[in-house]
>>> print(open('start_26.cif').read())   # mmCIF, C-alpha atoms
data_my_file
#
loop_
_atom_site.label_atom_id
_atom_site.label_comp_id
_atom_site.auth_asym_id
_atom_site.auth_seq_id
_atom_site.Cartn_x
_atom_site.Cartn_y
_atom_site.Cartn_z
CA MET A 299 71.43 108.45 179.44
CA ARG A 300 72.27 104.78 179.02
CA MET A 301 71.73 105.01 175.25
CA LYS A 302 73.98 108.09 175.01
CA ALA A 303 76.65 106.36 177.07
CA PHE A 304 76.43 103.28 174.87
CA LYS A 305 76.75 105.37 171.69
CA PHE A 306 79.77 107.18 173.13
CA LEU A 307 81.41 103.88 174.09
CA PHE A 308 80.69 102.40 170.65
CA VAL A 309 82.24 105.39 168.85
CA PHE A 310 85.25 105.29 171.18
CA LEU A 311 85.80 101.59 170.52
CA LEU A 312 85.57 102.13 166.77
CA TYR A 313 88.08 104.96 166.97
CA SER A 314 90.41 102.92 169.15
CA ALA A 315 90.22 99.91 166.81
CA LYS A 316 91.05 102.15 163.86
CA LEU A 317 93.95 103.72 165.73
CA PHE A 318 95.58 100.49 166.82
CA ALA A 319 94.90 98.73 163.51
CA GLN A 320 97.18 101.17 161.69
CA ASP A 321 100.25 99.91 159.92
CA ALA A 322 103.65 101.12 161.05
CA VAL A 323 107.29 101.31 160.04
CA LEU A 324 109.84 100.80 162.82
CA ILE A 325 112.95 102.83 162.02
CA SER A 326 114.77 102.16 165.29
CA GLU A 327 113.82 101.32 168.85
CA GLY A 328 111.05 103.69 169.96
CA ASN A 329 111.14 105.53 166.64
CA PHE A 330 108.41 104.62 164.20
CA VAL A 331 105.93 106.07 161.72
CA ARG A 332 102.24 105.14 161.56
CA GLY A 333 100.14 105.12 158.42
CA VAL A 334 98.87 102.73 155.75
CA ILE A 335 101.32 100.39 154.03
CA LYS A 336 100.77 100.63 150.27
CA GLY A 337 103.06 97.82 149.17
CA THR A 338 106.47 96.22 149.29
CA ASN A 339 108.83 94.53 146.85
CA PHE A 340 110.76 93.07 149.83
CA SER A 341 113.68 95.46 149.38
CA SER A 342 111.63 98.59 150.12
CA VAL A 343 108.26 99.45 151.62
CA ALA A 344 105.93 102.39 150.97
CA ILE A 345 103.68 103.86 153.65
CA MET A 346 101.05 106.58 153.27
CA GLN A 347 101.09 109.03 156.18
CA ASP A 348 98.18 111.01 157.61
CA ASP A 349 98.87 113.92 155.24
CA GLN A 350 98.41 111.51 152.30
CA THR A 351 102.07 111.65 151.26
CA ILE A 352 103.76 108.33 150.56
CA VAL A 353 107.22 107.71 151.97
CA GLU A 354 109.41 104.85 150.80
CA TYR A 355 111.89 103.16 153.13
CA GLN A 356 114.70 100.85 152.10
CA ALA A 357 115.17 97.60 154.01
CA LYS A 358 118.71 98.60 154.95
CA ASP A 359 117.44 101.74 156.70
CA ILE A 360 114.77 100.31 159.01
CA GLN A 361 114.27 97.40 161.39
CA SER A 362 110.80 96.19 160.45
CA PHE A 363 107.26 97.11 159.50
CA VAL A 364 103.79 95.91 160.51
CA TRP A 365 101.25 95.41 157.73
CA ASN A 366 97.72 94.18 158.47
CA GLY A 367 98.89 92.85 161.81
CA GLU A 368 101.82 90.88 160.35
CA THR A 369 105.46 91.76 161.01
CA TYR A 370 108.16 91.92 158.35
CA VAL A 371 111.76 92.24 159.58
CA SER A 372 114.79 93.46 157.70
CA LYS A 373 117.54 90.85 157.46
CA PRO A 374 120.76 90.53 155.44
CA ILE A 375 121.01 88.19 152.46
CA VAL A 376 123.64 87.55 149.81
CA ILE A 377 122.64 88.38 146.23
CA LYS A 378 125.22 88.23 143.43
CA LYS A 379 127.92 87.75 146.08
CA LYS A 380 126.91 91.05 147.67
CA MET A 381 125.32 91.53 151.08
CA GLU A 382 121.95 93.26 150.82
CA PHE A 383 118.85 93.60 153.00
CA ARG A 384 115.38 92.19 152.34
CA PHE A 385 112.14 91.94 154.30
CA PHE A 386 111.10 88.58 155.74
CA LYS A 387 107.68 87.88 157.23
CA VAL A 388 107.76 86.63 160.82
CA LEU A 389 105.85 83.35 161.20
CA GLU A 390 107.06 82.22 164.62
CA THR A 391 109.49 83.60 167.19
CA GLY A 392 111.13 82.22 170.32
CA THR A 393 114.12 79.98 170.86
CA VAL A 394 113.81 79.27 167.14
CA ASN A 395 112.52 81.81 164.62
CA LEU A 396 110.73 81.00 161.39
CA TYR A 397 110.40 83.44 158.50
CA SER A 398 108.98 83.40 155.00
CA TYR A 399 110.31 85.27 151.99
CA GLY A 400 107.84 86.12 149.27
CA ASP A 401 104.10 86.27 149.67
CA LYS A 402 101.48 85.74 146.96
CA GLY A 403 99.24 88.23 148.75
CA VAL A 404 101.82 91.02 148.73
CA ILE A 405 101.88 93.76 146.11
CA ALA A 406 104.73 92.97 143.73
CA GLN A 407 106.16 96.47 143.64
CA ALA A 408 105.92 99.30 146.11
CA PRO A 409 104.23 102.30 144.44
CA GLN A 410 106.28 105.36 143.58
CA PRO A 411 106.11 107.82 146.47
CA LYS A 412 104.54 111.23 145.94
CA VAL A 413 107.18 112.70 148.19
CA LYS A 414 110.31 110.70 148.89
CA VAL A 415 111.86 111.87 152.14
CA ARG A 416 113.64 110.46 155.13
CA PRO A 417 112.11 111.69 158.39
CA THR A 418 114.60 112.81 161.00
CA PHE A 419 112.43 111.68 163.88
CA GLY A 420 109.38 109.60 164.71
CA VAL A 421 106.80 109.62 167.45
CA GLY A 422 107.07 106.37 169.37
CA ILE A 423 105.22 104.61 172.16
CA GLY A 424 107.69 101.75 172.59
CA SER A 425 108.99 98.91 170.53
CA GLY A 426 106.80 96.01 171.61
CA GLY A 427 105.20 93.84 168.97
CA PHE A 428 107.39 94.91 166.07
CA GLY A 429 109.89 92.06 166.09
CA GLY A 430 113.54 92.81 165.53
CA GLY A 431 117.03 91.53 165.49
CA ILE A 432 119.35 91.02 162.58
CA GLY A 433 120.42 87.50 161.72
CA GLY A 434 123.34 86.13 159.74
CA GLY A 435 123.64 86.41 155.99
CA ILE A 436 121.98 83.90 153.70
CA THR A 437 121.98 83.34 149.98
CA ILE A 438 118.82 83.31 147.92
CA GLY A 439 119.14 81.59 144.58
CA GLY A 440 121.35 78.75 143.46
CA GLY A 441 124.12 80.94 142.13
CA SER A 442 123.24 80.79 138.42
CA ARG A 443 122.70 84.03 136.54
CA ARG A 444 119.00 83.26 136.15
CA ASN A 445 118.52 82.70 139.89
CA ASP A 446 120.58 85.76 140.79
CA ASP A 447 118.48 87.90 138.49
CA GLU A 448 115.32 86.55 140.01
CA GLY A 449 116.62 87.20 143.52
CA SER A 450 117.52 90.80 142.75
CA ALA A 451 114.15 91.42 141.12
CA GLY A 452 112.17 90.17 144.11
CA PRO A 453 109.94 87.12 144.62
CA LYS A 454 107.99 85.71 141.67
CA GLY A 455 105.09 84.36 143.69
CA LYS A 456 107.10 81.58 145.32
CA ILE A 457 107.26 81.50 149.11
CA SER A 458 110.51 80.31 150.70
CA TYR A 459 110.97 79.48 154.38
CA PHE A 460 113.94 80.20 156.61
CA LEU A 461 114.73 78.91 160.08
CA GLU A 462 116.96 80.66 162.59
CA LYS A 463 118.22 79.66 166.02
CA PRO A 464 120.13 82.68 167.34
CA GLY A 465 123.61 81.76 168.49
CA THR A 466 123.90 78.68 166.28
CA GLY A 467 124.77 80.29 162.96
CA PRO A 468 122.95 82.08 160.14
CA MET A 469 119.44 81.43 158.91
CA GLN A 470 118.93 78.31 156.83
CA GLU A 471 116.50 77.90 153.97
CA VAL A 472 114.06 75.07 154.52
CA ASN A 473 113.26 73.41 151.20
CA LEU A 474 109.90 71.76 151.78
CA ASP A 475 110.31 69.70 148.60
CA ASN A 476 113.15 67.73 150.18
CA SER A 477 111.87 65.94 153.29
CA ASN A 478 115.27 64.53 154.26
CA VAL A 479 116.87 67.96 154.26
CA VAL A 480 113.99 69.38 156.30
CA LYS A 481 114.36 66.61 158.87
CA THR A 482 118.10 67.23 159.14
CA ILE A 483 117.65 70.96 159.73
CA LEU A 484 114.85 70.50 162.26
CA LEU A 485 116.75 67.85 164.21
CA GLN A 486 119.81 70.12 164.30
CA LYS A 487 117.87 73.13 165.59
CA LEU A 488 115.05 71.62 167.68
CA THR A 489 117.33 69.92 170.18
CA ASN A 490 116.78 68.25 173.58
CA ASP A 491 113.21 67.17 172.83
CA ASP A 492 113.09 63.42 172.20
CA ASP A 493 109.33 63.24 171.60
CA LEU A 494 109.45 66.00 169.02
CA ALA A 495 112.47 64.41 167.37
CA GLU A 496 110.61 61.10 166.98
CA SER A 497 107.66 62.90 165.44
CA ILE A 498 109.93 64.71 162.98
CA LYS A 499 111.63 61.47 161.96
CA ALA A 500 108.24 59.83 161.36
CA THR A 501 106.94 62.67 159.16
CA GLU A 502 106.83 61.64 155.50
CA SER A 503 106.29 65.08 153.98
CA PHE A 504 106.45 68.68 155.12
CA ASP A 505 104.41 71.75 154.32
CA ALA A 506 104.11 75.25 155.75
CA LYS A 507 101.45 74.15 158.23
CA ASN A 508 103.34 71.33 159.95
CA LEU A 509 106.61 73.28 159.76
CA VAL A 510 105.06 76.12 161.76
CA ALA A 511 103.50 73.57 164.15
CA TYR A 512 106.89 71.99 164.92
CA ILE A 513 108.55 75.36 165.59
CA LYS A 514 105.63 76.50 167.73
CA ALA A 515 105.66 73.26 169.76
CA TYR A 516 109.39 73.54 170.35
CA ASN A 517 109.24 77.19 171.42
CA SER A 518 106.37 76.51 173.82
CA SER A 519 108.21 73.55 175.40
CA GLY A 520 110.96 75.75 176.82
CA LYS A 521 113.69 73.47 175.44
CA LYS A 522 116.99 74.93 174.21
#
>>> encode(input="start_26.cif", output="structure tokens")
Amino acid sequence: MRMKAFKFLFVFLLYSAKLFAQDAVLISEGNFVRGVIKGTNFSSVAIMQDDQTIVEYQAKDIQSFVWNGETYVSKPIVIKKKMEFRFFKVLETGTVNLYSYGDKGVIAQAPQPKVKVRPTFGVGIGSGGFGGGIGGGITIGGGSRRNDDEGSAGPKGKISYFLEKPGTGPMQEVNLDNSNVVKTILLQKLTNDDDLAESIKATESFDAKNLVAYIKAYNSSGKK
């Protein structure tokens, strides 16, 4: 009896892990579609549903998606002087949010869907864990034709980082190659924490790791 009970529990846990490990597209609060994300080009995302059909969603039409446990939110950006929507990966959230744009591990182009439809409803169990919120517009690219073309075509393997403190203006790109600019942005956004400010000022160079660490430390401190 114990062995049968153990086998049943083991199978149940495997099934549960598979169920909750599924990817998902959040269309609106409480309205999402589960399946397997097949790829994204950061302006659209393709998900394969249980019936093996692939549905493609545009960033402007959904709030976010979860892929392999990581959340990508739809946010407005300016490309060629036009407001568009792109997906940004959530790295840290709280009083200050940190996102990345572009990911070397992400499929460059979402595959063509077998059936391209827009579902009129979704079966939801709540909105927790999906991220959300739309920030202010930002511009990707320096404004030259070459940069604009690159922005409209999607990331070319480069990862950019963006910091957002809701209520204090739009997202700002954090150029890790320019330490002085990074310090200025962090000191403007991570306010009322003297110890953290001293540490930022003393930092000689920045990378993704210590950038995330600073945002995480600030969010956990409860400062505003």
>>> residues_around(input="start_26.cif", residues="region 357-373 of chain A", least_positions_apart="3", cutoff="6 Å", atoms="all atoms listed in the file", output="MDAnalysis selection string")
chainID A and resid 321:325 341:342 383:388 432
>>> closest_residue(input="start_26.cif", among="A:Asp491, A:Asp505, A:Glu496, A:Glu382", to="Asn476 (chain A)", atoms="all atoms listed in the file")
A:Asp505
>>> closest_residue(input="start_26.cif", among="A:Ile345, A:Leu494, A:Leu485, A:Tyr397", to="Glu471 (chain A)", atoms="all atoms listed in the file")
A:Tyr397
>>> atom_distance(input="start_26.cif", atom1="CA of Thr489 (chain A)", atom2="CA of Gly467 (chain A)")
14.7 Å
>>> atom_distance(input="start_26.cif", atom1="CA of Val331 (chain A)", atom2="CA of Leu389 (chain A)")
22.7 Å
>>> closest_residue(input="start_26.cif", among="A:Ser458, A:Ser398, A:Gln347, A:Asn490", to="Ser519 (chain A)", atoms="only C-alpha atoms")
A:Asn490
>>> residues_around(input="start_26.cif", residues="Tyr459 (chain A)", least_positions_apart="4", cutoff="12 Å", atoms="only C-alpha atoms", output="list in words")
Phe386, Lys387, Val388, Leu389, Glu390, Asn395, Leu396, Tyr397, Ser398, Tyr399, Gly400, Asp401, Ile436, Ile438, Met469, Gln470, Glu471, Val472, Asn473, Leu474, Asp475, Val480, Phe504, Asp505, Ala506, Lys507, Leu509 and Val510 of chain A
>>> atom_distance(input="start_26.cif", atom1="CA of Gly520 (chain A)", atom2="CA of Thr391 (chain A)")
12.5 Å
>>> closest_residue(input="start_26.cif", among="A:Lys499, A:Lys378, A:Lys522, A:Lys481", to="Lys463 (chain A)", atoms="all atoms listed in the file")
A:Lys522
>>> closest_residue(input="start_26.cif", among="A:Asn339, A:Thr482, A:Ser477, A:Thr393", to="Asn517 (chain A)", atoms="only C-alpha atoms")
A:Thr393
